[in-house]
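Note: the block below is start17.pdb and it holds PDB, C-alpha atoms.
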ATOM      1  CA  MET A   1     -32.035 -16.845  -7.182  1.00  0.00           C
ATOM      2  CA  ASN A   2     -29.521 -19.638  -6.469  1.00  0.00           C
ATOM      3  CA  TYR A   3     -27.423 -18.655  -9.500  1.00  0.00           C
ATOM      4  CA  LEU A   4     -27.420 -15.029  -8.290  1.00  0.00           C
ATOM      5  CA  ILE A   5     -26.318 -16.091  -4.791  1.00  0.00           C
ATOM      6  CA  MET A   6     -23.512 -18.236  -6.271  1.00  0.00           C
ATOM      7  CA  ASN A   7     -22.305 -15.228  -8.293  1.00  0.00           C
ATOM      8  CA  ILE A   8     -22.497 -12.962  -5.239  1.00  0.00           C
ATOM      9  CA  SER A   9     -20.501 -15.455  -3.153  1.00  0.00           C
ATOM     10  CA  THR A  10     -17.884 -15.739  -5.917  1.00  0.00           C
ATOM     11  CA  LEU A  11     -17.687 -11.944  -6.167  1.00  0.00           C
ATOM     12  CA  LEU A  12     -17.147 -11.776  -2.400  1.00  0.00           C
ATOM     13  CA  ILE A  13     -14.342 -14.370  -2.575  1.00  0.00           C
ATOM     14  CA  VAL A  14     -12.608 -12.478  -5.394  1.00  0.00           C
ATOM     15  CA  ALA A  15     -13.050  -9.123  -3.604  1.00  0.00           C
ATOM     16  CA  ALA A  16     -11.738 -10.600  -0.326  1.00  0.00           C
ATOM     17  CA  CYS A  17      -8.691 -11.989  -2.171  1.00  0.00           C
ATOM     18  CA  GLY A  18      -8.134  -8.551  -3.709  1.00  0.00           C
ATOM     19  CA  VAL A  19      -8.345  -6.846  -0.311  1.00  0.00           C
ATOM     20  CA  PHE A  20      -6.005  -9.436   1.218  1.00  0.00           C
ATOM     21  CA  ILE A  21      -3.443  -8.997  -1.584  1.00  0.00           C
ATOM     22  CA  SER A  22      -3.589  -5.197  -1.342  1.00  0.00           C
ATOM     23  CA  LEU A  23      -3.515  -4.838   2.470  1.00  0.00           C
ATOM     24  CA  PHE A  24      -0.184  -3.036   2.276  1.00  0.00           C
ATOM     25  CA  PHE A  25      -1.483  -0.402  -0.161  1.00  0.00           C
ATOM     26  CA  ASN A  26      -3.298   2.783   0.776  1.00  0.00           C
ATOM     27  CA  ARG A  27      -7.099   2.740   0.557  1.00  0.00           C
ATOM     28  CA  ALA A  28      -7.361   4.327  -2.908  1.00  0.00           C
ATOM     29  CA  LEU A  29      -5.009   1.713  -4.379  1.00  0.00           C
ATOM     30  CA  ARG A  30      -6.961  -1.070  -2.651  1.00  0.00           C
ATOM     31  CA  TRP A  31     -10.107  -0.058  -4.547  1.00  0.00           C
ATOM     32  CA  ILE A  32      -8.185  -0.120  -7.819  1.00  0.00           C
ATOM     33  CA  ALA A  33      -6.588  -3.506  -7.029  1.00  0.00           C
ATOM     34  CA  VAL A  34      -9.956  -5.080  -6.161  1.00  0.00           C
ATOM     35  CA  ILE A  35     -11.634  -3.692  -9.304  1.00  0.00           C
ATOM     36  CA  ILE A  36      -8.760  -4.935 -11.506  1.00  0.00           C
ATOM     37  CA  LEU A  37      -8.860  -8.394  -9.904  1.00  0.00           C
ATOM     38  CA  ILE A  38     -12.639  -8.648 -10.398  1.00  0.00           C
ATOM     39  CA  MET A  39     -12.339  -7.539 -14.047  1.00  0.00           C
ATOM     40  CA  LEU A  40      -9.536 -10.041 -14.691  1.00  0.00           C
ATOM     41  CA  SER A  41     -11.546 -12.858 -13.117  1.00  0.00           C
ATOM     42  CA  VAL A  42     -14.562 -12.047 -15.299  1.00  0.00           C
ATOM     43  CA  LEU A  43     -12.838 -11.272 -18.600  1.00  0.00           C
ATOM     44  CA  PHE A  44     -10.017 -13.793 -18.858  1.00  0.00           C
ATOM     45  CA  PRO A  45     -10.753 -17.509 -19.061  1.00  0.00           C
ATOM     46  CA  VAL A  46      -8.664 -20.078 -17.166  1.00  0.00           C
ATOM     47  CA  ALA A  47      -8.104 -23.396 -18.953  1.00  0.00           C
ATOM     48  CA  GLY A  48     -10.960 -22.582 -21.340  1.00  0.00           C
ATOM     49  CA  SER A  49     -13.449 -21.814 -18.567  1.00  0.00           C
ATOM     50  CA  ASN A  50     -14.555 -18.808 -16.566  1.00  0.00           C
ATOM     51  CA  LEU A  51     -12.600 -18.316 -13.329  1.00  0.00           C
ATOM     52  CA  TRP A  52     -15.918 -17.781 -11.530  1.00  0.00           C
ATOM     53  CA  LEU A  53     -16.971 -21.339 -12.390  1.00  0.00           C
ATOM     54  CA  TRP A  54     -13.663 -22.618 -10.988  1.00  0.00           C
ATOM     55  CA  ILE A  55     -14.207 -20.715  -7.745  1.00  0.00           C
ATOM     56  CA  ASN A  56     -17.805 -21.965  -7.482  1.00  0.00           C
ATOM     57  CA  GLY A  57     -16.613 -25.518  -8.052  1.00  0.00           C
ATOM     58  CA  ALA A  58     -13.852 -25.259  -5.448  1.00  0.00           C
ATOM     59  CA  ALA A  59     -15.716 -23.335  -2.729  1.00  0.00           C
ATOM     60  CA  GLY A  60     -19.176 -24.746  -3.273  1.00  0.00           C
ATOM     61  CA  GLU A  61     -22.167 -22.910  -1.916  1.00  0.00           C
ATOM     62  CA  LEU A  62     -21.119 -20.614   0.909  1.00  0.00           C
ATOM     63  CA  SER A  63     -23.191 -20.286   4.061  1.00  0.00           C
ATOM     64  CA  ILE A  64     -24.930 -17.028   4.916  1.00  0.00           C
ATOM     65  CA  VAL A  65     -22.499 -16.493   7.818  1.00  0.00           C
ATOM     66  CA  THR A  66     -19.497 -16.878   5.493  1.00  0.00           C
ATOM     67  CA  MET A  67     -20.942 -14.339   3.066  1.00  0.00           C
ATOM     68  CA  ILE A  68     -21.595 -11.876   5.900  1.00  0.00           C
ATOM     69  CA  LEU A  69     -18.042 -12.277   7.228  1.00  0.00           C
ATOM     70  CA  LEU A  70     -16.630 -11.760   3.713  1.00  0.00           C
ATOM     71  CA  ILE A  71     -18.700  -8.571   3.374  1.00  0.00           C
ATOM     72  CA  VAL A  72     -17.387  -7.371   6.750  1.00  0.00           C
ATOM     73  CA  PHE A  73     -13.777  -8.107   5.678  1.00  0.00           C
ATOM     74  CA  VAL A  74     -14.122  -6.411   2.278  1.00  0.00           C
ATOM     75  CA  VAL A  75     -15.860  -3.300   3.662  1.00  0.00           C
ATOM     76  CA  ARG A  76     -13.300  -2.980   6.469  1.00  0.00           C
ATOM     77  CA  GLY A  77     -10.384  -3.403   4.048  1.00  0.00           C
ATOM     78  CA  LEU A  78     -11.713  -0.893   1.532  1.00  0.00           C
ATOM     79  CA  THR A  79     -13.234   1.768   3.787  1.00  0.00           C
ATOM     80  CA  GLY A  80     -11.781   1.169   7.264  1.00  0.00           C
ATOM     81  CA  CYS A  81     -15.340   0.963   8.639  1.00  0.00           C
ATOM     82  CA  SER A  82     -15.996  -2.103  10.805  1.00  0.00           C
ATOM     83  CA  LEU A  83     -19.519  -3.465  10.366  1.00  0.00           C
ATOM     84  CA  LEU A  84     -18.935  -6.039  13.103  1.00  0.00           C
ATOM     85  CA  GLU A  85     -16.857  -5.337  16.189  1.00  0.00           C
ATOM     86  CA  ILE A  86     -14.078  -7.687  17.363  1.00  0.00           C
ATOM     87  CA  PRO A  87     -16.092  -9.175  20.292  1.00  0.00           C
ATOM     88  CA  ALA A  88     -18.976 -10.024  17.934  1.00  0.00           C
ATOM     89  CA  ARG A  89     -16.611 -11.629  15.409  1.00  0.00           C
ATOM     90  CA  THR A  90     -14.955 -13.570  18.247  1.00  0.00           C
ATOM     91  CA  HIS A  91     -18.301 -14.862  19.569  1.00  0.00           C
ATOM     92  CA  LEU A  92     -19.370 -15.811  16.054  1.00  0.00           C
ATOM     93  CA  SER A  93     -16.081 -17.629  15.340  1.00  0.00           C
ATOM     94  CA  VAL A  94     -16.301 -19.584  18.620  1.00  0.00           C
ATOM     95  CA  LEU A  95     -19.909 -20.510  17.811  1.00  0.00           C
ATOM     96  CA  ILE A  96     -18.889 -21.711  14.340  1.00  0.00           C
ATOM     97  CA  LEU A  97     -15.902 -23.662  15.689  1.00  0.00           C
ATOM     98  CA  LEU A  98     -18.025 -25.477  18.296  1.00  0.00           C
ATOM     99  CA  THR A  99     -20.845 -26.058  15.802  1.00  0.00           C
ATOM    100  CA  GLY A 100     -18.406 -27.608  13.332  1.00  0.00           C
ATOM    101  CA  PHE A 101     -17.034 -29.942  15.997  1.00  0.00           C
ATOM    102  CA  LEU A 102     -20.606 -31.044  16.720  1.00  0.00           C
ATOM    103  CA  LEU A 103     -21.679 -31.372  13.092  1.00  0.00           C
ATOM    104  CA  TYR A 104     -18.880 -32.560  10.819  1.00  0.00           C
ATOM    105  CA  PRO A 105     -17.396 -35.531  12.729  1.00  0.00           C
ATOM    106  CA  ALA A 106     -20.944 -36.856  13.258  1.00  0.00           C
ATOM    107  CA  THR A 107     -21.778 -36.601   9.539  1.00  0.00           C
ATOM    108  CA  LEU A 108     -18.656 -38.689   8.821  1.00  0.00           C
ATOM    109  CA  GLY A 109     -20.051 -41.468  11.006  1.00  0.00           C
ATOM    110  CA  VAL A 110     -17.926 -40.910  14.117  1.00  0.00           C
ATOM    111  CA  SER A 111     -21.047 -40.947  16.323  1.00  0.00           C
ATOM    112  CA  PRO A 112     -24.344 -42.824  15.914  1.00  0.00           C
ATOM    113  CA  PHE A 113     -26.352 -39.575  16.180  1.00  0.00           C
ATOM    114  CA  ASP A 114     -26.543 -37.439  13.042  1.00  0.00           C
ATOM    115  CA  PRO A 115     -27.230 -33.795  13.981  1.00  0.00           C
ATOM    116  CA  TYR A 116     -27.430 -32.815  10.288  1.00  0.00           C
ATOM    117  CA  SER A 117     -30.899 -34.373  10.117  1.00  0.00           C
ATOM    118  CA  LEU A 118     -32.133 -31.792  12.676  1.00  0.00           C
ATOM    119  CA  GLY A 119     -31.565 -29.079  10.082  1.00  0.00           C
ATOM    120  CA  TYR A 120     -34.453 -30.296   7.936  1.00  0.00           C
ATOM    121  CA  GLY A 121     -37.020 -29.537  10.642  1.00  0.00           C
ATOM    122  CA  PHE A 122     -37.769 -26.347  12.519  1.00  0.00           C
ATOM    123  CA  GLU A 123     -35.928 -27.403  15.706  1.00  0.00           C
ATOM    124  CA  LEU A 124     -32.564 -25.948  14.657  1.00  0.00           C
ATOM    125  CA  SER A 125     -34.200 -22.698  13.560  1.00  0.00           C
ATOM    126  CA  LEU A 126     -35.871 -22.446  16.987  1.00  0.00           C
ATOM    127  CA  LEU A 127     -32.500 -23.042  18.664  1.00  0.00           C
ATOM    128  CA  LEU A 128     -30.913 -20.278  16.554  1.00  0.00           C
ATOM    129  CA  LEU A 129     -33.777 -17.922  17.439  1.00  0.00           C
ATOM    130  CA  PHE A 130     -33.245 -18.717  21.135  1.00  0.00           C
ATOM    131  CA  LEU A 131     -29.479 -18.116  20.773  1.00  0.00           C
ATOM    132  CA  SER A 132     -30.120 -14.801  19.028  1.00  0.00           C
ATOM    133  CA  ILE A 133     -32.291 -13.702  21.970  1.00  0.00           C
ATOM    134  CA  LEU A 134     -29.511 -14.700  24.391  1.00  0.00           C
ATOM    135  CA  TYR A 135     -26.916 -12.797  22.372  1.00  0.00           C
ATOM    136  CA  TRP A 136     -29.227  -9.772  22.318  1.00  0.00           C
ATOM    137  CA  VAL A 137     -29.680  -9.935  26.105  1.00  0.00           C
ATOM    138  CA  PHE A 138     -25.886 -10.144  26.568  1.00  0.00           C
ATOM    139  CA  ARG A 139     -25.388  -7.098  24.307  1.00  0.00           C
ATOM    140  CA  GLN A 140     -24.037  -8.895  21.262  1.00  0.00           C
ATOM    141  CA  GLN A 141     -26.560  -7.431  18.808  1.00  0.00           C
ATOM    142  CA  GLY A 142     -24.345  -8.106  15.777  1.00  0.00           C
ATOM    143  CA  VAL A 143     -24.330 -11.866  16.391  1.00  0.00           C
ATOM    144  CA  ALA A 144     -28.056 -11.774  17.242  1.00  0.00           C
ATOM    145  CA  PHE A 145     -28.875 -10.110  13.905  1.00  0.00           C
ATOM    146  CA  ILE A 146     -26.700 -12.578  11.982  1.00  0.00           C
ATOM    147  CA  LEU A 147     -28.456 -15.572  13.557  1.00  0.00           C
ATOM    148  CA  LEU A 148     -31.853 -14.002  12.828  1.00  0.00           C
ATOM    149  CA  PHE A 149     -30.770 -13.405   9.242  1.00  0.00           C
ATOM    150  CA  VAL A 150     -29.685 -17.073   8.942  1.00  0.00           C
ATOM    151  CA  VAL A 151     -33.146 -18.233  10.048  1.00  0.00           C
ATOM    152  CA  ALA A 152     -34.908 -15.728   7.743  1.00  0.00           C
ATOM    153  CA  ALA A 153     -32.729 -16.752   4.767  1.00  0.00           C
ATOM    154  CA  ARG A 154     -33.558 -20.415   5.443  1.00  0.00           C
ATOM    155  CA  GLU A 155     -37.278 -19.673   5.563  1.00  0.00           C
ATOM    156  CA  ILE A 156     -37.100 -17.686   2.307  1.00  0.00           C
ATOM    157  CA  GLY A 157     -34.918 -20.364   0.685  1.00  0.00           C
ATOM    158  CA  ILE A 158     -32.083 -18.163  -0.558  1.00  0.00           C
ATOM    159  CA  LEU A 159     -29.660 -21.081  -0.967  1.00  0.00           C
ATOM    160  CA  SER A 160     -30.319 -24.276  -2.896  1.00  0.00           C
ATOM    161  CA  SER A 161     -30.189 -26.318   0.325  1.00  0.00           C
ATOM    162  CA  VAL A 162     -33.242 -26.821   2.523  1.00  0.00           C
ATOM    163  CA  ASN A 163     -31.117 -27.657   5.579  1.00  0.00           C
ATOM    164  CA  THR A 164     -30.586 -24.920   8.201  1.00  0.00           C
ATOM    165  CA  TRP A 165     -27.042 -26.138   8.924  1.00  0.00           C
ATOM    166  CA  ASP A 166     -25.988 -25.137   5.385  1.00  0.00           C
ATOM    167  CA  TYR A 167     -27.177 -21.578   6.053  1.00  0.00           C
ATOM    168  CA  LEU A 168     -25.225 -21.385   9.308  1.00  0.00           C
ATOM    169  CA  ILE A 169     -21.927 -23.103   8.511  1.00  0.00           C
ATOM    170  CA  ASP A 170     -19.891 -24.525   5.647  1.00  0.00           C
ATOM    171  CA  PRO A 171     -16.679 -26.597   5.770  1.00  0.00           C
ATOM    172  CA  LEU A 172     -14.447 -23.718   4.612  1.00  0.00           C
ATOM    173  CA  LEU A 173     -15.728 -21.439   7.369  1.00  0.00           C
ATOM    174  CA  TRP A 174     -15.228 -24.138   9.990  1.00  0.00           C
ATOM    175  CA  LEU A 175     -11.672 -24.850   8.804  1.00  0.00           C
ATOM    176  CA  PHE A 176     -10.783 -21.140   8.824  1.00  0.00           C
ATOM    177  CA  SER A 177     -12.461 -20.332  12.174  1.00  0.00           C
ATOM    178  CA  PRO A 178      -9.356 -21.190  14.297  1.00  0.00           C
ATOM    179  CA  ALA A 179      -7.250 -18.864  12.103  1.00  0.00           C
ATOM    180  CA  ILE A 180      -9.891 -16.128  12.460  1.00  0.00           C
ATOM    181  CA  LEU A 181      -9.795 -16.527  16.248  1.00  0.00           C
ATOM    182  CA  ILE A 182      -5.985 -16.310  16.292  1.00  0.00           C
ATOM    183  CA  ILE A 183      -6.027 -13.162  14.125  1.00  0.00           C
ATOM    184  CA  LEU A 184      -8.705 -11.556  16.321  1.00  0.00           C
ATOM    185  CA  SER A 185      -6.851 -12.337  19.569  1.00  0.00           C
ATOM    186  CA  THR A 186      -3.576 -11.003  18.094  1.00  0.00           C
ATOM    187  CA  GLY A 187      -5.334  -7.813  17.001  1.00  0.00           C
ATOM    188  CA  ARG A 188      -6.849  -7.394  20.456  1.00  0.00           C
ATOM    189  CA  ARG A 189      -3.451  -7.787  22.108  1.00  0.00           C
ATOM    190  CA  LYS A 190      -1.920  -5.176  19.792  1.00  0.00           C
ATOM    191  CA  THR A 191      -4.783  -2.766  20.538  1.00  0.00           C
ATOM    192  CA  ALA A 192      -4.353  -3.319  24.292  1.00  0.00           C
ATOM    193  CA  ARG A 193      -0.606  -2.680  23.996  1.00  0.00           C
ATOM    194  CA  ILE A 194      -1.152   0.552  22.067  1.00  0.00           C
ATOM    195  CA  GLY A 195      -3.777   1.726  24.564  1.00  0.00           C
ATOM    196  CA  SER A 196      -1.551   1.125  27.601  1.00  0.00           C
TER     197      SER A 196
END
Before anything else, please render the file you have as structure tokens.
Amino acid sequence: MNYLIMNISTLLIVAACGVFISLFFNRALRWIAVIILIMLSVLFPVAGSNLWLWINGAAGELSIVTMILLIVFVVRGLTGCSLLEIPARTHLSVLILLTGFLLYPATLGVSPFDPYSLGYGFELSLLLLFLSILYWVFRQQGVAFILLFVVAAREIGILSSVNTWDYLIDPLLWLFSPAILIILSTGRRKTARIGS
């Protein structure tokens, strides 16, 4: 199962890179560019090793939220269909940014309290369930479903980690979350300008 998830996450990274590279093409050419990039990454070795192993080594195990956001990006780039609306992506990115500020400096020893240890118990899962209910009440069903899926994936044990934090956030997602927020706010401003 873990090997399958690693391959899926690598496939998503390669597909997202293909969509990003081909953003200036029409949709039919985007499909072709993504398929060619995936085939090249599978068929041709880099420095005597499979490119997929290089990507797995560099990116590590992606969180469930990262994989969902990559799926949203790839589907939107290839089909134009948005699986997650801009407000939901904004809420999710803010949540990830704040969570990273709570988690990562503390794990580096900046504070005496280590919140990472909470991820081994059920307390963090209960907090995520509570947050998903709040998001549902405030009509952010997309974020609510993602948080529920994070808790369910943790209970099933989809990833190799047994810590809930690793299902919710990873360092790459936290580092990219400010850029995601900037892109989303720029896109919203452009949409508002076009609408007015």
Exercise. Could you work out how far atom CA of Thr164 of chain A lies from atom CA of Tyr120 of chain A, giving the answer in Å with one decimal?
Worked result: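 One can read the atom CA of Tyr120 of chain A to atom CA of Thr164 of chain A distance as 6.6 Å.
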Problem set entry | Residues near Leu92 of chain A, cut-off 8 Å, all atoms listed in the file, skip fewer than 4 positions along chain, as a count of residues only | 3
Exercise. From the list A:Val14, A:Ile21, A:Val110, A:Leu62, which residue is nearest Val42 of chain A when using only C-alpha atoms?
Worked result: A:Val14
Exercise. For Gln140 of chain A, which residue out of A:Leu102, A:Leu84, A:Leu181, A:Leu70 is the nearest one, using all atoms listed in the file?
Worked result: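 Of the candidates, the smallest distance to Gln140 of chain A is held by A:Leu84.
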For this session: For atom CA of Ile169 of chain A and atom CA of Ser63 of chain A, determine how far apart the two atoms are, in Å to one decimal place.
Result: 5.4 Å
Exercise. For Ile180 of chain A, which of A:Leu23, A:Leu168, A:Leu97, A:Ala152 is the closest residue, counting only C-alpha atoms?
Worked result: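 Answer, going by the shortest atom-to-atom distance: A:Leu97.
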For this session: Using only C-alpha atoms, find the one residue out of A:Ala28, A:Val94, A:Met39, A:Ala106 that sits nearest to Gly80 of chain A.
Result: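 Among A:Ala28, A:Val94, A:Met39, A:Ala106, it is A:Ala28 that comes nearest to Gly80 of chain A.
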Exercise. What lies within 10 Å of Leu12 of chain A using only C-alpha atoms, ignoring chain neighbours under 3 positions off, as a ChimeraX atom specification?
Worked result: /A:6-9,15-18,38,66-71,73-74
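Using only C-alpha atoms, the shortest contact distance between Ser93 of chain A and any of A:Trp165, A:Phe122, A:Phe176, A:Phe113 is found at A:Phe176.
Coordinates place atom CA of Tyr167 of chain A at a distance of 19.7 Å from atom CA of Leu134 of chain A.
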Problem set entry | Non-local contacts of Gly157 of chain A (12 Å; only C-alpha atoms; under 3 positions in same chain excluded) as number ranges by chain | A: 1-2, 5, 64, 149-154, 160-164, 166-167
C-alpha atoms of the current selection, written as an mmCIF file, in the coordinates of the input:
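Written output follows (result_11.cif):
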data_model
loop_
_atom_site.group_PDB
_atom_site.id
_atom_site.type_symbol
_atom_site.label_atom_id
_atom_site.label_comp_id
_atom_site.auth_asym_id
_atom_site.auth_seq_id
_atom_site.Cartn_x
_atom_site.Cartn_y
_atom_site.Cartn_z
ATOM 1 C CA MET A 1 -32.035 -16.845 -7.182
ATOM 2 C CA ASN A 2 -29.521 -19.638 -6.469
ATOM 3 C CA ILE A 5 -26.318 -16.091 -4.791
ATOM 4 C CA ILE A 64 -24.930 -17.028 4.916
ATOM 5 C CA PHE A 149 -30.770 -13.405 9.242
ATOM 6 C CA VAL A 150 -29.685 -17.073 8.942
ATOM 7 C CA VAL A 151 -33.146 -18.233 10.048
ATOM 8 C CA ALA A 152 -34.908 -15.728 7.743
ATOM 9 C CA ALA A 153 -32.729 -16.752 4.767
ATOM 10 C CA ARG A 154 -33.558 -20.415 5.443
ATOM 11 C CA SER A 160 -30.319 -24.276 -2.896
ATOM 12 C CA SER A 161 -30.189 -26.318 0.325
ATOM 13 C CA VAL A 162 -33.242 -26.821 2.523
ATOM 14 C CA ASN A 163 -31.117 -27.657 5.579
ATOM 15 C CA THR A 164 -30.586 -24.920 8.201
ATOM 16 C CA ASP A 166 -25.988 -25.137 5.385
ATOM 17 C CA TYR A 167 -27.177 -21.578 6.053
#
Exercise. Using only C-alpha atoms, which residues sit within 10 Å of Tyr135 of chain A once same-chain residues fewer than 6 positions away are excluded, as a VMD selection string?
Worked result: chain A and resid 88 91 129 141 to 145 147
